[in-house]
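Down below is the structure, laid out as structure tokens.
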Amino acid sequence: IMLIALNVVNQAEAAETEPLISVKLSNYLGSKSSITIQPSEIYRIKDTNLTLSAKKDYEVKVTSNGVAIYKGTEKLGEFPSFEVTPSTYDATLAIQGRKYLGDVAFTNESQKYVRPINTLPIEDYLKGVVPEESLKNWTSLNTFKAQAVAARGYALKHLKDSDLTDTQFKQVYGGKQELSITPLTDKAVEETFGEVVTYNGRAIETLFSSSNGGIIEANSNYWPKGDPLPYFQVKNDPYDPQMPWKKVVNKQQIDLSTKDLAASEIWWSQTNEKDLKMTDNIKNKMKANGLDTKDIKITEITKIDFYDRA
């Protein structure tokens, strides 16, 4: 009892000394109507008398009115949404095998999917961000510290966002990491606790990217509605040299000279385009514009236009 009480106090202290952040989990989970969860310790379903036992599997399913939780075939409850909270601060909840600290709410997304929302202290969140937003071959603690400071500044600016996700559209967040670089990235977060970049005494949104091609872009060029910021102006970046790149696309995607068009049922299902990712995007666009009842093959890509700077 003393140990549990002590851990709860520690959790309360953490919540008081640093802000909490809530992030929707979709990057590694995808969109599923049913997911498996397993607590490492006892978890409680908030505002109920229900508890989840340690190291037992539970299933959360989407329903017409919300979400339901099952233990085996037994339905424990059905709710518009529900939130589980751990009995100890270091407890983790495995969701489809990936572990997360803190509280987790389970919501119904679009009447189709179970969408977990992980709420935890920001410094614990950053320990799940820095390894995901770093290269695995980095070895310098100072490099990880720079990433931690950048990720913290970005997180603080998006602290109240209702659409904060664990994807690269925001910051990639991987939960409780168990990778080889985790001790080093954890240390980087701990040794920069609370540190952010400021301008005129105020924390800024420290945007970052894997590469800028050797030139930093102005925020007002990328987001025309935003006010120009003096610390985000166009200038050369000597630390990120320009790297030549190329994209090769096959003009002929399917060789029809070897196909019997009068007997397409023989080869159709076994034949795919050469640049499958690109042609899938083309077909999805075509289907979204009225051809959703058709089964499509792209035989040629005859021209490519760049219609947007992205």
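Residues are named by chain letter and number: chains run A, B, ... in the order of the structure tokens, numbers start at 1 in each chain, and ligands are numbered from 1 in the order shown.
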Show me, as number ranges by chain, the residues that have an atom within 8 Å of stretch 140-153 of chain A when counting only C-alpha atoms, minus same-chain residues fewer than 2 positions from it. A: 122, 126, 129-130, 133-134, 138, 155-157, 171, 184-185, 187-189, 191-192, 194-197, 203-208
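For A:Leu29, the non-local neighbours within 9 Å, defined as residues at least 4 positions apart in the same chain or in other chains and counting only C-alpha atoms, are Leu25, Ile35, Ile95, Gln96, Arg98 and Arg115 of chain A.
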What does the structure give for the distance between atom CA of A:Gly102 and atom CA of A:Thr139, in Å to one decimal? 28.6 Å
Going by DSSP on the backbone, which bits of stretch 38-245 of chain A are helix (DSSP H, G or I)? Write them as a PyMOL selection string, please. chain A and resi 122-129+141-157+182-191+219-222
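Neighbours of stretch 269-283 of chain A closer than or equal to 8 Å, with only C-alpha atoms counted and sequence neighbours fewer than 3 positions away skipped, come out as Val249, Asn250, Gln253, Ile254, Glu265, Ile266, Met286, Lys287, Ile296, Lys297, Ile298 and Thr299 of chain A.
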Output N, CA and C atoms of each residue in that selection to a file, as a PDB file, in the first residue's frame.
```
ATOM      1  N   VAL A 249      10.253   7.255 -63.005  1.00  0.00           N
ATOM      2  CA  VAL A 249       8.918   6.694 -63.203  1.00  0.00           C
ATOM      3  C   VAL A 249       8.905   5.951 -64.542  1.00  0.00           C
ATOM      4  N   ASN A 250       8.392   4.753 -64.524  1.00  0.00           N
ATOM      5  CA  ASN A 250       8.282   3.980 -65.756  1.00  0.00           C
ATOM      6  C   ASN A 250       7.146   4.525 -66.614  1.00  0.00           C
ATOM      7  N   GLN A 253       3.702   1.064 -67.668  1.00  0.00           N
ATOM      8  CA  GLN A 253       3.422   0.418 -66.396  1.00  0.00           C
ATOM      9  C   GLN A 253       3.028  -1.043 -66.578  1.00  0.00           C
ATOM     10  N   ILE A 254       2.311  -1.327 -67.633  1.00  0.00           N
ATOM     11  CA  ILE A 254       1.910  -2.710 -67.953  1.00  0.00           C
ATOM     12  C   ILE A 254       2.124  -2.926 -69.439  1.00  0.00           C
ATOM     13  N   GLU A 265      -9.710 -11.849 -67.931  1.00  0.00           N
ATOM     14  CA  GLU A 265      -9.916 -12.548 -66.665  1.00  0.00           C
ATOM     15  C   GLU A 265      -8.776 -13.507 -66.342  1.00  0.00           C
ATOM     16  N   ILE A 266      -7.996 -13.875 -67.342  1.00  0.00           N
ATOM     17  CA  ILE A 266      -6.898 -14.815 -67.123  1.00  0.00           C
ATOM     18  C   ILE A 266      -5.733 -14.142 -66.401  1.00  0.00           C
ATOM     19  N   MET A 286      -8.887   8.868 -59.137  1.00  0.00           N
ATOM     20  CA  MET A 286      -9.904   8.615 -60.161  1.00  0.00           C
ATOM     21  C   MET A 286     -11.197   8.091 -59.544  1.00  0.00           C
ATOM     22  N   LYS A 287     -11.045   7.187 -58.583  1.00  0.00           N
ATOM     23  CA  LYS A 287     -12.232   6.620 -57.947  1.00  0.00           C
ATOM     24  C   LYS A 287     -12.971   7.657 -57.107  1.00  0.00           C
ATOM     25  N   ILE A 296      -9.569  -0.594 -62.059  1.00  0.00           N
ATOM     26  CA  ILE A 296      -8.729   0.167 -62.978  1.00  0.00           C
ATOM     27  C   ILE A 296      -7.310  -0.388 -63.014  1.00  0.00           C
ATOM     28  N   LYS A 297      -6.739  -0.417 -64.219  1.00  0.00           N
ATOM     29  CA  LYS A 297      -5.305  -0.655 -64.394  1.00  0.00           C
ATOM     30  C   LYS A 297      -4.710   0.558 -65.104  1.00  0.00           C
ATOM     31  N   ILE A 298      -3.543   1.020 -64.659  1.00  0.00           N
ATOM     32  CA  ILE A 298      -2.825   2.113 -65.317  1.00  0.00           C
ATOM     33  C   ILE A 298      -1.771   1.474 -66.216  1.00  0.00           C
ATOM     34  N   THR A 299      -1.914   1.638 -67.523  1.00  0.00           N
ATOM     35  CA  THR A 299      -0.984   0.982 -68.445  1.00  0.00           C
ATOM     36  C   THR A 299       0.213   1.865 -68.790  1.00  0.00           C
TER      37      THR A 299
END
```
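Here atom CA of A:Tyr239 stands at a distance of 19.3 Å from atom CA of A:Asn219.
Distances here use only C-alpha atoms; by that measure, the residue among A:Phe306, A:Trp223, A:Tyr113, A:Tyr173 closest to A:Val67 is A:Tyr113.
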Exercise: A:Lys61 partners within 12 Å, only C-alpha atoms, chain neighbours under 6 positions left out, as an mmCIF file with N, CA and C atoms, in the first residue's frame:
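Generated file (out-v9.cif):
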```
data_model
loop_
_atom_site.group_PDB
_atom_site.id
_atom_site.type_symbol
_atom_site.label_atom_id
_atom_site.label_comp_id
_atom_site.auth_asym_id
_atom_site.auth_seq_id
_atom_site.Cartn_x
_atom_site.Cartn_y
_atom_site.Cartn_z
ATOM 1 N N SER A 31 -6.160 2.364 -38.289
ATOM 2 C CA SER A 31 -7.578 2.526 -37.975
ATOM 3 C C SER A 31 -8.210 1.149 -37.878
ATOM 4 N N LYS A 32 -8.624 0.780 -36.683
ATOM 5 C CA LYS A 32 -9.159 -0.556 -36.432
ATOM 6 C C LYS A 32 -10.468 -0.452 -35.654
ATOM 7 N N SER A 33 -11.363 -1.365 -35.945
ATOM 8 C CA SER A 33 -12.640 -1.409 -35.227
ATOM 9 C C SER A 33 -12.508 -2.181 -33.920
ATOM 10 N N SER A 34 -11.394 -2.890 -33.761
ATOM 11 C CA SER A 34 -11.157 -3.666 -32.542
ATOM 12 C C SER A 34 -9.665 -3.681 -32.255
ATOM 13 N N ILE A 35 -9.290 -3.428 -30.997
ATOM 14 C CA ILE A 35 -7.873 -3.438 -30.625
ATOM 15 C C ILE A 35 -7.689 -4.204 -29.324
ATOM 16 N N THR A 36 -6.491 -4.758 -29.145
ATOM 17 C CA THR A 36 -6.156 -5.504 -27.935
ATOM 18 C C THR A 36 -5.294 -4.635 -27.035
ATOM 19 N N ILE A 37 -5.607 -4.626 -25.740
ATOM 20 C CA ILE A 37 -4.821 -3.883 -24.766
ATOM 21 C C ILE A 37 -4.406 -4.824 -23.637
ATOM 22 N N VAL A 67 -17.975 2.701 -27.508
ATOM 23 C CA VAL A 67 -16.962 1.646 -27.459
ATOM 24 C C VAL A 67 -17.296 0.693 -26.310
ATOM 25 N N ALA A 68 -16.917 -0.569 -26.481
ATOM 26 C CA ALA A 68 -17.147 -1.586 -25.449
ATOM 27 C C ALA A 68 -15.831 -2.271 -25.142
ATOM 28 N N ILE A 69 -15.693 -2.750 -23.910
ATOM 29 C CA ILE A 69 -14.479 -3.460 -23.506
ATOM 30 C C ILE A 69 -14.853 -4.874 -23.087
ATOM 31 N N TYR A 70 -14.063 -5.837 -23.552
ATOM 32 C CA TYR A 70 -14.318 -7.251 -23.304
ATOM 33 C C TYR A 70 -13.109 -7.893 -22.648
ATOM 34 N N LYS A 71 -13.378 -8.871 -21.797
ATOM 35 C CA LYS A 71 -12.355 -9.777 -21.307
ATOM 36 C C LYS A 71 -12.757 -11.152 -21.791
ATOM 37 N N THR A 73 -14.814 -13.389 -23.908
ATOM 38 C CA THR A 73 -16.139 -13.189 -24.508
ATOM 39 C C THR A 73 -17.062 -12.366 -23.609
ATOM 40 N N LYS A 75 -18.459 -9.158 -21.913
ATOM 41 C CA LYS A 75 -18.480 -7.701 -22.050
ATOM 42 C C LYS A 75 -18.467 -7.077 -20.656
ATOM 43 N N LEU A 76 -17.408 -6.295 -20.375
ATOM 44 C CA LEU A 76 -17.298 -5.645 -19.072
ATOM 45 C C LEU A 76 -18.093 -4.356 -19.007
ATOM 46 N N GLY A 77 -18.272 -3.717 -20.141
ATOM 47 C CA GLY A 77 -19.014 -2.470 -20.158
ATOM 48 C C GLY A 77 -19.031 -1.862 -21.543
ATOM 49 N N GLU A 78 -20.012 -0.988 -21.765
ATOM 50 C CA GLU A 78 -20.117 -0.235 -23.015
ATOM 51 C C GLU A 78 -20.351 1.223 -22.664
ATOM 52 N N PHE A 79 -19.614 2.135 -23.330
ATOM 53 C CA PHE A 79 -19.632 3.537 -22.969
ATOM 54 C C PHE A 79 -19.582 4.405 -24.233
ATOM 55 N N PRO A 80 -20.047 5.656 -24.150
ATOM 56 C CA PRO A 80 -19.795 6.591 -25.257
ATOM 57 C C PRO A 80 -18.285 6.731 -25.500
ATOM 58 N N SER A 81 -17.526 6.747 -24.397
ATOM 59 C CA SER A 81 -16.063 6.667 -24.394
ATOM 60 C C SER A 81 -15.668 6.340 -22.958
ATOM 61 N N PHE A 82 -14.461 5.844 -22.769
ATOM 62 C CA PHE A 82 -14.004 5.583 -21.410
ATOM 63 C C PHE A 82 -12.505 5.810 -21.331
ATOM 64 N N PHE A 106 -10.453 5.879 -24.686
ATOM 65 C CA PHE A 106 -10.842 5.151 -25.893
ATOM 66 C C PHE A 106 -12.134 5.757 -26.417
ATOM 67 N N THR A 107 -12.082 6.264 -27.651
ATOM 68 C CA THR A 107 -13.217 6.964 -28.236
ATOM 69 C C THR A 107 -13.656 6.288 -29.525
ATOM 70 N N ASN A 108 -14.856 6.633 -29.949
ATOM 71 C CA ASN A 108 -15.422 6.134 -31.210
ATOM 72 C C ASN A 108 -15.150 7.176 -32.285
ATOM 73 N N GLU A 109 -14.406 6.784 -33.321
ATOM 74 C CA GLU A 109 -14.071 7.705 -34.399
ATOM 75 C C GLU A 109 -14.891 7.362 -35.638
ATOM 76 N N GLN A 111 -17.802 6.413 -36.102
ATOM 77 C CA GLN A 111 -18.634 5.203 -36.004
ATOM 78 C C GLN A 111 -17.976 3.990 -36.659
ATOM 79 N N LYS A 112 -16.633 4.068 -36.813
ATOM 80 C CA LYS A 112 -15.920 2.989 -37.500
ATOM 81 C C LYS A 112 -14.749 2.435 -36.694
ATOM 82 N N TYR A 113 -14.033 3.317 -35.992
ATOM 83 C CA TYR A 113 -12.760 2.913 -35.424
ATOM 84 C C TYR A 113 -12.673 3.244 -33.936
ATOM 85 N N VAL A 114 -11.871 2.450 -33.247
ATOM 86 C CA VAL A 114 -11.498 2.781 -31.868
ATOM 87 C C VAL A 114 -10.278 3.698 -31.934
ATOM 88 N N ARG A 115 -10.394 4.895 -31.333
ATOM 89 C CA ARG A 115 -9.258 5.825 -31.362
ATOM 90 C C ARG A 115 -8.792 6.090 -29.940
ATOM 91 N N PRO A 116 -7.617 5.560 -29.563
ATOM 92 C CA PRO A 116 -7.067 5.860 -28.229
ATOM 93 C C PRO A 116 -6.468 7.267 -28.187
#
```
Selection: 9 Å around A:Ile215, only C-alpha atoms, excl. self and same-chain fewer than 5 positions, as a VMD selection string: chain A and resid 234 to 238 240 to 242
Would you save the residues from that selection as a PDB file, in the first residue's frame, using N, CA and C atoms?
```pdb
ATOM      1  N   VAL A 234      14.363  33.254 -44.994  1.00  0.00           N
ATOM      2  CA  VAL A 234      15.133  32.494 -45.977  1.00  0.00           C
ATOM      3  C   VAL A 234      16.626  32.767 -45.798  1.00  0.00           C
ATOM      4  N   LYS A 235      17.388  31.698 -45.628  1.00  0.00           N
ATOM      5  CA  LYS A 235      18.842  31.835 -45.558  1.00  0.00           C
ATOM      6  C   LYS A 235      19.465  30.456 -45.784  1.00  0.00           C
ATOM      7  N   ASN A 236      20.724  30.479 -46.164  1.00  0.00           N
ATOM      8  CA  ASN A 236      21.433  29.222 -46.387  1.00  0.00           C
ATOM      9  C   ASN A 236      21.673  28.500 -45.064  1.00  0.00           C
ATOM     10  N   ASP A 237      21.643  27.183 -45.123  1.00  0.00           N
ATOM     11  CA  ASP A 237      21.906  26.354 -43.939  1.00  0.00           C
ATOM     12  C   ASP A 237      23.159  25.534 -44.206  1.00  0.00           C
ATOM     13  N   PRO A 238      24.291  25.930 -43.642  1.00  0.00           N
ATOM     14  CA  PRO A 238      25.546  25.220 -43.917  1.00  0.00           C
ATOM     15  C   PRO A 238      25.591  23.829 -43.288  1.00  0.00           C
ATOM     16  N   ASP A 240      23.142  21.605 -43.453  1.00  0.00           N
ATOM     17  CA  ASP A 240      22.309  20.668 -44.213  1.00  0.00           C
ATOM     18  C   ASP A 240      22.569  20.892 -45.700  1.00  0.00           C
ATOM     19  N   PRO A 241      23.634  20.311 -46.238  1.00  0.00           N
ATOM     20  CA  PRO A 241      24.012  20.589 -47.617  1.00  0.00           C
ATOM     21  C   PRO A 241      22.943  20.126 -48.609  1.00  0.00           C
ATOM     22  N   GLN A 242      22.879  20.824 -49.735  1.00  0.00           N
ATOM     23  CA  GLN A 242      21.937  20.435 -50.781  1.00  0.00           C
ATOM     24  C   GLN A 242      22.348  19.080 -51.341  1.00  0.00           C
TER      25      GLN A 242
END
```
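From atom CA of A:Ile304 back to atom CA of A:Gln252, the distance works out to 13.3 Å.
With only C-alpha atoms as the atoms that count, the residue of A:Asn200, A:Gln233, A:Thr182, A:Asn118 with the shortest distance to A:Val84 is A:Asn118.
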Excluding A:Ile117 and any residue of its chain fewer than 5 positions from it, enumerate the residues within 9 Å of it, using only C-alpha atoms, and give them as a PDB file with N, CA and C atoms, in the first residue's frame.
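This is the output file out.pdb:
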```pdb
ATOM      1  N   SER A  22      -2.131  15.601 -24.532  1.00  0.00           N
ATOM      2  CA  SER A  22      -2.977  14.515 -25.022  1.00  0.00           C
ATOM      3  C   SER A  22      -2.724  14.317 -26.505  1.00  0.00           C
ATOM      4  N   VAL A  23      -2.501  13.076 -26.915  1.00  0.00           N
ATOM      5  CA  VAL A  23      -2.147  12.784 -28.299  1.00  0.00           C
ATOM      6  C   VAL A  23      -2.949  11.595 -28.805  1.00  0.00           C
ATOM      7  N   LYS A  24      -3.561  11.768 -29.978  1.00  0.00           N
ATOM      8  CA  LYS A  24      -4.303  10.684 -30.611  1.00  0.00           C
ATOM      9  C   LYS A  24      -3.327   9.679 -31.210  1.00  0.00           C
ATOM     10  N   LEU A  25      -3.592   8.399 -30.988  1.00  0.00           N
ATOM     11  CA  LEU A  25      -2.691   7.352 -31.464  1.00  0.00           C
ATOM     12  C   LEU A  25      -3.227   6.759 -32.766  1.00  0.00           C
ATOM     13  N   GLU A  83     -12.023   6.047 -20.104  1.00  0.00           N
ATOM     14  CA  GLU A  83     -10.611   6.335 -19.881  1.00  0.00           C
ATOM     15  C   GLU A  83     -10.076   5.447 -18.771  1.00  0.00           C
ATOM     16  N   ASP A 103      -2.517   8.028 -18.766  1.00  0.00           N
ATOM     17  CA  ASP A 103      -3.914   7.648 -18.966  1.00  0.00           C
ATOM     18  C   ASP A 103      -4.186   7.443 -20.449  1.00  0.00           C
ATOM     19  N   VAL A 104      -5.154   6.588 -20.742  1.00  0.00           N
ATOM     20  CA  VAL A 104      -5.555   6.380 -22.136  1.00  0.00           C
ATOM     21  C   VAL A 104      -7.078   6.386 -22.199  1.00  0.00           C
ATOM     22  N   ALA A 105      -7.616   7.268 -23.049  1.00  0.00           N
ATOM     23  CA  ALA A 105      -9.052   7.288 -23.313  1.00  0.00           C
ATOM     24  C   ALA A 105      -9.314   6.552 -24.614  1.00  0.00           C
ATOM     25  N   PHE A 106     -10.453   5.879 -24.686  1.00  0.00           N
ATOM     26  CA  PHE A 106     -10.842   5.151 -25.893  1.00  0.00           C
ATOM     27  C   PHE A 106     -12.134   5.757 -26.417  1.00  0.00           C
ATOM     28  N   THR A 107     -12.082   6.264 -27.651  1.00  0.00           N
ATOM     29  CA  THR A 107     -13.217   6.964 -28.236  1.00  0.00           C
ATOM     30  C   THR A 107     -13.656   6.288 -29.525  1.00  0.00           C
ATOM     31  N   THR A 165      -1.681  14.492 -33.064  1.00  0.00           N
ATOM     32  CA  THR A 165      -1.544  13.065 -33.329  1.00  0.00           C
ATOM     33  C   THR A 165      -0.104  12.630 -33.125  1.00  0.00           C
TER      34      THR A 165
END
```
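Comparing A:Phe193, A:Ala288, A:Leu101, A:Ala262 by their smallest distance to A:Thr17, the closest is A:Phe193 (using only C-alpha atoms).
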